[in-house]
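Quick notes on the structure that follows.
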Amino acid sequence: MGDALPQIDPQRQSEVARALRQFMPERAVLWQEEDTRPYECDGLTAYRRVPMVVALPETEAQVRRVLQTCHALGVPVVPRGAGTGLSGGALPAGDGVLLSLAKFMRVLRVDPLARIAVVQPGVRNAAISDVAAPFGLYYAPDPSSQIACSIGGNVAENSGGVHCLKYGLTVHNVLRVKGYTIEGEPVDFGSESLDAPGYDLLALVIGSEGLLAVTTEITVRLLPKPESARVVMASFDDVEKAGDAVAAVIAAGIVPAGLEMMDQPATHAVEQFMHAGYDLEAAAILLCESDGGAEEVAEEIAKVREVLAAAGATRMTVSRDEAERLRFWSGRKAAFPAMGRISPDYYCMDGTIPRKRLGEVLNFIGAMEKKYGLRCPNVFHAGDGNLHPLILFDANDPEQLQRTEAFAAEVLEKCVAVGGTITGEHGVGVEKIDQMCVQFRTAELEMFHAIKQAYDPKGLLNPGKAVPALARCAEFGRRHVRAGGSSHPELPRF
Ligand SMILES: Cc1cc2nc3c(=O)[nH]c(=O)nc-3n(C[C@H](O)[C@H](O)[C@H](O)COP(=O)(O)OP(=O)(O)OC[C@H]3O[C@@H](n4cnc5c(N)ncnc54)[C@H](O)[C@@H]3O)c2cc1C
């Protein structure tokens, strides 16, 4: 363990636990360290903090009362879904309540005529498609973590996935979100129709990282399952060429169902693990999927092959059947866990850049690997220009973690410099909070604070995440000039 953890105040802990037990059973209020420690981090395991109390409500009335109680007592609340987030969004507050929505796992309604499903926030992403499947429908956004992550987390992060290039992110596939503010006031954003009057607060709450409201009910759009799908796997002898090929596919007017890229270090790590059939000689591979009617797919695949050949593909294989298509994707979907086999820890970045700058940014990442002496396989949603460089490091070595943070900061800032953003789908959380100071001007950050203030005047809901205090940005500016890197000195590390 790195920095000393702040001690939990036992008097405050028992006061809060007692208050919550007034309306929740004993099993739903955890405060003993052996029970609360499993909640100390999310998928960003480099930062850990044991929560003071964990609340596991089972009804909306209980969620509301947890919020009202914490608001009255001035206790911070951190909502949590499945805890797979990669930016530390569900990192607990040491003096606060971790509000788990894990027990909200019911599918409330599937309406195949309206093509919608109404679900509770703890429902797993993949479970929505499972319940829709008997009607020939599915839920399109498909994060690689879809077997584990919750729809509540997806809404909070505006999550994406392989098929979001064609079908949109969470924000394009959610019609309505209901929940409660920190004061326990009910809120209801959007509707089952396509438009609603007033400001688009649905779009505001989607991607708000649990800072504005706690979600308790979500209405998602369902799509008809495409009749068929095939994927082209193309090899390139040069990473920059593969990056340029991605831009060429889109420039040719093709909108593939998915367009993903993996470099050689990534394919090597994955192949040992998943045996997906990747070309291990290639400097990079592209996976380009087409879906729709069988004829439409055949036509698009022919066009894709033509463009990729002209862009310098050295080898191409088209999936022959559904089993092979799923095998090609299995490697990509298991790319993050595969890193666990070759390194004690990995740090997954999530910058987005204009597609035409892919080659340039990949070369920059290569230069950073040398500068910081750390390996960094690349896996990404190339069609969206959404990079996921995976820095390999050992979190037990504080010096390595510091180098990793500085590496990540330089890459994210490069994304901003080439006209991109510091996050494509994983959110800001605690991980990228300093880079928000690079991405946005003071006036813009002031607007974010004004919105937060409107929903949560006391700043109790998920404090310290996503939107940096202006003083933090001023301090970061000074640190940045002196040290040229970023770290989170205030965060307890593994
Ligand atoms: C192996 C792996 C692969 C991944 N691949 C992808 C990918 O392809 N695309 C992608 O977008 N992400 C990906 N992720 C990241 C992660 O799975 C997503 O961000 C996911 O949406 C998080 O969902 P969760 O239920 O785990 O949320 P958590 O991690 O529990 O929480 C995430 C955020 O949501 C807030 N939150 C959770 N529930 C609620 C609620 N009910 N109300 C209000 N706020 C809430 C939390 O406070 C936190 O800020 C991946 C993660 C892993 C580990």
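Residues in the structure tokens are named by chain (A, B, ... in the order shown) and by number from 1 within that chain; ligands are numbered from 1 in the order shown.
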
Wanna dump the chain A-ligand 1 contacts at 6 Å for me, each residue with its shortest atom pair and the distance in Å to one decimal, counting only C-alpha atoms and all ligand atoms, ordered by chain and number, as a tab-separated table?
residue	atom	partner	partner_atom_place_in_ligand_line	distance
A:Asp42	CA	ligand 1	29 (O)	5.6
A:Gly43	CA	ligand 1	53 (C)	5.2
A:Val78	CA	ligand 1	47 (O)	5.4
A:Pro79	CA	ligand 1	47 (O)	4.0
A:Arg80	CA	ligand 1	30 (O)	3.9
A:Gly81	CA	ligand 1	30 (O)	3.3
A:Ala82	CA	ligand 1	26 (O)	3.7
A:Gly83	CA	ligand 1	30 (O)	3.3
A:Thr84	CA	ligand 1	26 (O)	3.5
A:Gly85	CA	ligand 1	29 (O)	3.3
A:Leu86	CA	ligand 1	15 (C)	5.1
A:Gly89	CA	ligand 1	49 (O)	3.4
A:Ala90	CA	ligand 1	48 (C)	4.2
A:Leu101	CA	ligand 1	41 (N)	5.8
A:Pro121	CA	ligand 1	41 (N)	5.1
A:Pro143	CA	ligand 1	8 (O)	3.4
A:Ser144	CA	ligand 1	8 (O)	3.9
A:Ser145	CA	ligand 1	3 (C)	4.1
A:Cys149	CA	ligand 1	25 (O)	4.1
A:Ser150	CA	ligand 1	25 (O)	3.6
A:Gly152	CA	ligand 1	41 (N)	4.2
A:Gly153	CA	ligand 1	23 (O)	3.5
A:Asn154	CA	ligand 1	21 (O)	3.4
A:Ala156	CA	ligand 1	34 (O)	4.4
A:Glu157	CA	ligand 1	19 (O)	5.4
A:Ser159	CA	ligand 1	11 (O)	3.4
A:Gly160	CA	ligand 1	11 (O)	4.0
A:Gly161	CA	ligand 1	8 (O)	4.3
A:Glu209	CA	ligand 1	49 (O)	4.1
A:Gly210	CA	ligand 1	44 (N)	3.4
A:Ala213	CA	ligand 1	43 (C)	5.8
A:Val214	CA	ligand 1	42 (N)	3.7
A:Thr215	CA	ligand 1	42 (N)	3.9
A:Thr216	CA	ligand 1	41 (N)	5.8
A:Phe336	CA	ligand 1	1 (C)	5.0
A:Pro337	CA	ligand 1	1 (C)	5.7
A:Glu425	CA	ligand 1	11 (O)	4.2
A:His426	CA	ligand 1	19 (O)	4.8

Just-selected residues, N, CA, C and O atoms written as a compact mmCIF listing (two decimals), in the first residue's frame:
# COMPACT_ATOMS: atom_id res chain seq x y z
N ASP A 42 -12.92 0.48 -8.39
CA ASP A 42 -13.64 -0.07 -9.55
C ASP A 42 -12.58 -0.70 -10.46
O ASP A 42 -11.57 -1.20 -9.97
N GLY A 43 -12.81 -0.67 -11.78
CA GLY A 43 -11.85 -1.28 -12.70
C GLY A 43 -10.51 -0.56 -12.77
O GLY A 43 -9.53 -1.10 -13.28
N VAL A 78 -21.55 8.03 -3.14
CA VAL A 78 -20.98 7.60 -4.43
C VAL A 78 -21.84 6.45 -4.96
O VAL A 78 -21.87 5.37 -4.37
N PRO A 79 -22.56 6.67 -6.08
CA PRO A 79 -23.34 5.56 -6.65
C PRO A 79 -22.40 4.54 -7.30
O PRO A 79 -21.34 4.90 -7.81
N ARG A 80 -22.83 3.28 -7.29
CA ARG A 80 -22.02 2.22 -7.91
C ARG A 80 -22.94 1.22 -8.60
O ARG A 80 -23.97 0.82 -8.05
N GLY A 81 -22.55 0.83 -9.82
CA GLY A 81 -23.26 -0.22 -10.53
C GLY A 81 -22.52 -1.53 -10.32
O GLY A 81 -22.47 -2.07 -9.22
N ALA A 82 -21.86 -2.03 -11.40
CA ALA A 82 -21.13 -3.29 -11.29
C ALA A 82 -19.66 -3.07 -10.94
O ALA A 82 -18.92 -4.04 -10.76
N GLY A 83 -19.22 -1.81 -10.91
CA GLY A 83 -17.82 -1.52 -10.53
C GLY A 83 -16.80 -1.88 -11.60
O GLY A 83 -15.64 -2.13 -11.28
N THR A 84 -17.20 -1.87 -12.87
CA THR A 84 -16.24 -2.18 -13.95
C THR A 84 -15.66 -0.91 -14.57
O THR A 84 -14.85 -1.00 -15.50
N GLY A 85 -16.07 0.25 -14.09
CA GLY A 85 -15.60 1.52 -14.67
C GLY A 85 -14.08 1.60 -14.66
O GLY A 85 -13.43 1.07 -13.76
N LEU A 86 -13.54 2.27 -15.67
CA LEU A 86 -12.08 2.30 -15.80
C LEU A 86 -11.49 3.68 -15.50
O LEU A 86 -10.31 3.91 -15.73
N GLY A 89 -14.70 6.29 -11.43
CA GLY A 89 -15.96 7.00 -11.15
C GLY A 89 -16.64 6.49 -9.90
O GLY A 89 -17.32 7.24 -9.20
N ALA A 90 -16.47 5.19 -9.59
CA ALA A 90 -17.13 4.63 -8.41
C ALA A 90 -16.15 4.49 -7.23
O ALA A 90 -16.44 3.78 -6.26
N LEU A 101 -26.22 -0.11 -6.49
CA LEU A 101 -27.51 -0.37 -7.14
C LEU A 101 -27.57 -1.82 -7.61
O LEU A 101 -28.39 -2.18 -8.44
N PRO A 121 -31.51 -0.14 -12.98
CA PRO A 121 -30.13 0.21 -13.35
C PRO A 121 -29.10 -0.90 -13.15
O PRO A 121 -28.06 -0.90 -13.79
N PRO A 143 -20.47 -2.48 -24.85
CA PRO A 143 -19.13 -2.40 -24.27
C PRO A 143 -18.51 -3.79 -24.16
O PRO A 143 -19.26 -4.77 -23.97
N SER A 144 -17.20 -3.87 -24.25
CA SER A 144 -16.55 -5.19 -24.15
C SER A 144 -16.83 -5.82 -22.79
O SER A 144 -16.71 -7.03 -22.64
N SER A 145 -17.19 -5.01 -21.82
CA SER A 145 -17.50 -5.50 -20.47
C SER A 145 -18.97 -5.88 -20.35
O SER A 145 -19.47 -6.04 -19.24
N CYS A 149 -21.03 -5.33 -16.89
CA CYS A 149 -21.37 -3.95 -16.51
C CYS A 149 -22.87 -3.73 -16.50
O CYS A 149 -23.62 -4.42 -17.19
N SER A 150 -23.32 -2.75 -15.72
CA SER A 150 -24.76 -2.51 -15.58
C SER A 150 -25.20 -1.37 -16.49
O SER A 150 -24.41 -0.50 -16.84
N GLY A 152 -27.09 1.01 -15.61
CA GLY A 152 -26.96 2.26 -14.83
C GLY A 152 -25.58 2.87 -15.01
O GLY A 152 -25.43 4.08 -15.21
N GLY A 153 -24.55 2.01 -14.98
CA GLY A 153 -23.18 2.47 -15.22
C GLY A 153 -23.02 2.96 -16.65
O GLY A 153 -22.37 3.97 -16.92
N ASN A 154 -23.63 2.24 -17.60
CA ASN A 154 -23.55 2.64 -19.02
C ASN A 154 -24.14 4.04 -19.22
O ASN A 154 -23.59 4.86 -19.95
N ALA A 156 -24.46 6.38 -16.89
CA ALA A 156 -23.62 7.37 -16.21
C ALA A 156 -22.37 7.69 -17.02
O ALA A 156 -21.88 8.82 -17.00
N GLU A 157 -21.84 6.70 -17.76
CA GLU A 157 -20.59 6.92 -18.51
C GLU A 157 -20.84 7.21 -19.99
O GLU A 157 -19.89 7.40 -20.74
N SER A 159 -21.61 4.95 -22.23
CA SER A 159 -20.70 3.92 -22.74
C SER A 159 -20.90 3.63 -24.22
O SER A 159 -21.99 3.80 -24.76
N GLY A 160 -19.82 3.16 -24.81
CA GLY A 160 -19.83 2.77 -26.22
C GLY A 160 -19.40 1.33 -26.37
O GLY A 160 -19.30 0.59 -25.39
N GLY A 161 -19.14 0.93 -27.59
CA GLY A 161 -18.70 -0.45 -27.85
C GLY A 161 -18.44 -0.61 -29.33
O GLY A 161 -18.56 0.34 -30.11
N GLU A 209 -21.82 10.87 -15.05
CA GLU A 209 -20.93 10.16 -14.12
C GLU A 209 -21.43 10.16 -12.67
O GLU A 209 -20.64 10.25 -11.73
N GLY A 210 -22.76 10.07 -12.52
CA GLY A 210 -23.31 9.96 -11.18
C GLY A 210 -23.18 11.23 -10.37
O GLY A 210 -23.26 11.19 -9.14
N ALA A 213 -27.67 12.87 -10.51
CA ALA A 213 -28.81 12.12 -9.96
C ALA A 213 -28.45 10.65 -9.88
O ALA A 213 -27.54 10.19 -10.56
N VAL A 214 -29.19 9.92 -9.05
CA VAL A 214 -29.04 8.47 -8.98
C VAL A 214 -30.16 7.86 -9.81
O VAL A 214 -31.34 8.13 -9.57
N THR A 215 -29.79 7.08 -10.79
CA THR A 215 -30.74 6.50 -11.73
C THR A 215 -31.40 5.26 -11.14
O THR A 215 -30.70 4.39 -10.61
N THR A 216 -32.74 5.17 -11.27
CA THR A 216 -33.41 3.98 -10.75
C THR A 216 -34.25 3.26 -11.81
O THR A 216 -34.73 2.15 -11.57
N PHE A 336 -8.64 -6.59 -22.93
CA PHE A 336 -8.21 -5.99 -21.66
C PHE A 336 -7.81 -7.10 -20.66
O PHE A 336 -6.72 -7.07 -20.11
N PRO A 337 -8.71 -8.08 -20.42
CA PRO A 337 -8.30 -9.14 -19.49
C PRO A 337 -7.03 -9.87 -19.94
O PRO A 337 -6.24 -10.31 -19.10
N GLU A 425 -15.43 7.09 -24.03
CA GLU A 425 -16.53 6.29 -23.47
C GLU A 425 -16.32 5.91 -22.01
O GLU A 425 -17.27 5.50 -21.36
N HIS A 426 -15.11 6.03 -21.48
CA HIS A 426 -14.88 5.56 -20.10
C HIS A 426 -15.13 6.64 -19.05
O HIS A 426 -15.06 6.36 -17.86

Check your understanding: Counting only C-alpha atoms, what is within 9 Å of range 228-244 of chain A, bar same-chain residues fewer than 4 positions away, as a PyMOL selection string?
Key -> chain A and resi 248-249+257-258+261+263-264+278-279+281-294+297-298+301+304-305+308-309+311-322+324-325+328-329+355-360+362-363+382

Exercise for review: From a DSSP pass on the backbone, collect the residues of range 216-333 of chain A flagged as alpha helix (DSSP H) and hand them back as a PyMOL selection string.
Suggested key: chain A and resi 239-251+264-274+294-310+322-333

With N, CA and C atoms retained, write the just-selected residues as a short mmCIF file (atom, residue, chain, number, x, y, z; two decimals), in the first residue's frame.
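This went into result.cif:
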data_model
loop_
_atom_site.label_atom_id
_atom_site.label_comp_id
_atom_site.auth_asym_id
_atom_site.auth_seq_id
_atom_site.Cartn_x
_atom_site.Cartn_y
_atom_site.Cartn_z
N VAL A 239 1.74 0.00 -38.82
CA VAL A 239 0.63 0.49 -37.99
C VAL A 239 0.01 1.75 -38.59
N GLU A 240 0.87 2.61 -39.12
CA GLU A 240 0.35 3.87 -39.67
C GLU A 240 -0.55 3.58 -40.88
N LYS A 241 -0.13 2.58 -41.69
CA LYS A 241 -0.94 2.20 -42.86
C LYS A 241 -2.32 1.71 -42.41
N ALA A 242 -2.34 0.93 -41.34
CA ALA A 242 -3.63 0.42 -40.83
C ALA A 242 -4.50 1.59 -40.37
N GLY A 243 -3.88 2.57 -39.71
CA GLY A 243 -4.62 3.76 -39.26
C GLY A 243 -5.19 4.51 -40.47
N ASP A 244 -4.38 4.66 -41.50
CA ASP A 244 -4.86 5.38 -42.69
C ASP A 244 -5.97 4.59 -43.40
N ALA A 245 -5.90 3.24 -43.31
CA ALA A 245 -6.93 2.41 -43.95
C ALA A 245 -8.29 2.65 -43.29
N VAL A 246 -8.30 2.88 -41.99
CA VAL A 246 -9.54 3.16 -41.26
C VAL A 246 -10.18 4.43 -41.85
N ALA A 247 -9.36 5.47 -41.99
CA ALA A 247 -9.88 6.73 -42.54
C ALA A 247 -10.37 6.49 -43.97
N ALA A 248 -9.69 5.62 -44.74
CA ALA A 248 -10.07 5.37 -46.14
C ALA A 248 -11.44 4.68 -46.22
N VAL A 249 -11.70 3.75 -45.28
CA VAL A 249 -13.00 3.04 -45.29
C VAL A 249 -14.13 4.06 -45.10
N ILE A 250 -13.98 4.92 -44.11
CA ILE A 250 -15.05 5.91 -43.83
C ILE A 250 -15.16 6.91 -44.99
N ALA A 251 -14.00 7.32 -45.51
CA ALA A 251 -14.00 8.29 -46.62
C ALA A 251 -14.69 7.71 -47.85
N GLN A 264 0.37 -5.23 -33.00
CA GLN A 264 0.97 -6.57 -32.81
C GLN A 264 1.12 -6.97 -31.33
N PRO A 265 1.62 -6.08 -30.46
CA PRO A 265 1.71 -6.50 -29.06
C PRO A 265 0.34 -6.93 -28.50
N ALA A 266 -0.72 -6.27 -28.96
CA ALA A 266 -2.06 -6.64 -28.47
C ALA A 266 -2.48 -7.99 -29.04
N THR A 267 -2.29 -8.22 -30.35
CA THR A 267 -2.72 -9.51 -30.92
C THR A 267 -1.94 -10.66 -30.28
N HIS A 268 -0.66 -10.42 -30.00
CA HIS A 268 0.14 -11.49 -29.38
C HIS A 268 -0.40 -11.85 -28.00
N ALA A 269 -0.72 -10.80 -27.21
CA ALA A 269 -1.24 -11.06 -25.84
C ALA A 269 -2.57 -11.80 -25.91
N VAL A 270 -3.41 -11.40 -26.85
CA VAL A 270 -4.76 -11.94 -26.94
C VAL A 270 -4.77 -13.36 -27.50
N GLU A 271 -3.94 -13.58 -28.50
CA GLU A 271 -3.98 -14.87 -29.21
C GLU A 271 -3.65 -16.03 -28.27
N GLN A 272 -2.65 -15.80 -27.39
CA GLN A 272 -2.28 -16.86 -26.42
C GLN A 272 -3.48 -17.23 -25.55
N PHE A 273 -4.35 -16.25 -25.32
CA PHE A 273 -5.44 -16.36 -24.36
C PHE A 273 -6.71 -16.89 -25.02
N MET A 274 -7.05 -16.33 -26.20
CA MET A 274 -8.35 -16.62 -26.82
C MET A 274 -8.29 -17.49 -28.07
N ALA A 294 -28.48 -10.32 -46.41
CA ALA A 294 -27.33 -11.08 -46.91
C ALA A 294 -26.69 -10.41 -48.14
N GLU A 295 -27.54 -9.92 -49.05
CA GLU A 295 -26.99 -9.31 -50.28
C GLU A 295 -26.26 -8.01 -49.98
N GLU A 296 -26.90 -7.22 -49.13
CA GLU A 296 -26.32 -5.93 -48.71
C GLU A 296 -24.93 -6.16 -48.07
N VAL A 297 -24.86 -7.22 -47.23
CA VAL A 297 -23.61 -7.53 -46.54
C VAL A 297 -22.54 -7.93 -47.56
N ALA A 298 -22.94 -8.80 -48.52
CA ALA A 298 -21.96 -9.27 -49.52
C ALA A 298 -21.42 -8.08 -50.32
N GLU A 299 -22.31 -7.16 -50.66
CA GLU A 299 -21.90 -5.98 -51.44
C GLU A 299 -20.94 -5.09 -50.63
N GLU A 300 -21.29 -4.87 -49.37
CA GLU A 300 -20.44 -3.99 -48.55
C GLU A 300 -19.09 -4.64 -48.27
N ILE A 301 -19.09 -5.94 -48.04
CA ILE A 301 -17.82 -6.64 -47.77
C ILE A 301 -16.90 -6.51 -48.99
N ALA A 302 -17.47 -6.63 -50.20
CA ALA A 302 -16.65 -6.51 -51.42
C ALA A 302 -16.03 -5.12 -51.49
N LYS A 303 -16.84 -4.12 -51.16
CA LYS A 303 -16.35 -2.73 -51.19
C LYS A 303 -15.23 -2.51 -50.15
N VAL A 304 -15.45 -3.07 -48.94
CA VAL A 304 -14.46 -2.93 -47.86
C VAL A 304 -13.14 -3.57 -48.29
N ARG A 305 -13.24 -4.75 -48.89
CA ARG A 305 -12.02 -5.46 -49.33
C ARG A 305 -11.25 -4.62 -50.34
N GLU A 306 -11.99 -4.01 -51.24
CA GLU A 306 -11.36 -3.18 -52.27
C GLU A 306 -10.59 -2.02 -51.63
N VAL A 307 -11.26 -1.33 -50.70
CA VAL A 307 -10.63 -0.17 -50.06
C VAL A 307 -9.41 -0.61 -49.24
N LEU A 308 -9.55 -1.71 -48.50
CA LEU A 308 -8.44 -2.15 -47.65
C LEU A 308 -7.25 -2.61 -48.51
N ALA A 309 -7.54 -3.26 -49.62
CA ALA A 309 -6.45 -3.70 -50.52
C ALA A 309 -5.71 -2.48 -51.04
N ALA A 310 -6.47 -1.46 -51.45
CA ALA A 310 -5.84 -0.24 -51.98
C ALA A 310 -5.03 0.46 -50.88
N GLU A 322 -21.22 -17.79 -38.57
CA GLU A 322 -21.42 -17.04 -37.33
C GLU A 322 -20.36 -17.43 -36.28
N ALA A 323 -20.01 -18.72 -36.24
CA ALA A 323 -19.03 -19.16 -35.23
C ALA A 323 -17.68 -18.48 -35.49
N GLU A 324 -17.32 -18.37 -36.76
CA GLU A 324 -16.02 -17.74 -37.06
C GLU A 324 -16.08 -16.23 -36.77
N ARG A 325 -17.20 -15.61 -37.11
CA ARG A 325 -17.35 -14.18 -36.82
C ARG A 325 -17.18 -13.92 -35.31
N LEU A 326 -17.84 -14.75 -34.50
CA LEU A 326 -17.75 -14.57 -33.04
C LEU A 326 -16.32 -14.84 -32.55
N ARG A 327 -15.65 -15.80 -33.21
CA ARG A 327 -14.26 -16.09 -32.80
C ARG A 327 -13.36 -14.88 -33.09
N PHE A 328 -13.54 -14.25 -34.26
CA PHE A 328 -12.73 -13.07 -34.57
C PHE A 328 -12.96 -11.96 -33.52
N TRP A 329 -14.22 -11.79 -33.11
CA TRP A 329 -14.50 -10.74 -32.12
C TRP A 329 -14.07 -11.13 -30.72
N SER A 330 -14.03 -12.46 -30.44
CA SER A 330 -13.74 -12.88 -29.06
C SER A 330 -12.39 -12.34 -28.60
N GLY A 331 -11.42 -12.30 -29.51
CA GLY A 331 -10.10 -11.78 -29.14
C GLY A 331 -10.17 -10.31 -28.80
N ARG A 332 -10.84 -9.56 -29.63
CA ARG A 332 -10.95 -8.10 -29.39
C ARG A 332 -11.66 -7.84 -28.06
N LYS A 333 -12.75 -8.60 -27.82
CA LYS A 333 -13.54 -8.36 -26.60
C LYS A 333 -12.78 -8.75 -25.34
#

Practice item. Tell me, as a ChimeraX atom specification, which residues lie within 7 Å of Gly420 in chain A, counting only C-alpha atoms; anything in the same chain fewer than 3 positions away does not count. Key: /A:352-354,415-416

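Between Arg109 in chain A and the residues A:Ala61, A:Ala443, A:Val131, A:Val97, the shortest atom-to-atom distance, using only C-alpha atoms, involves A:Val131.
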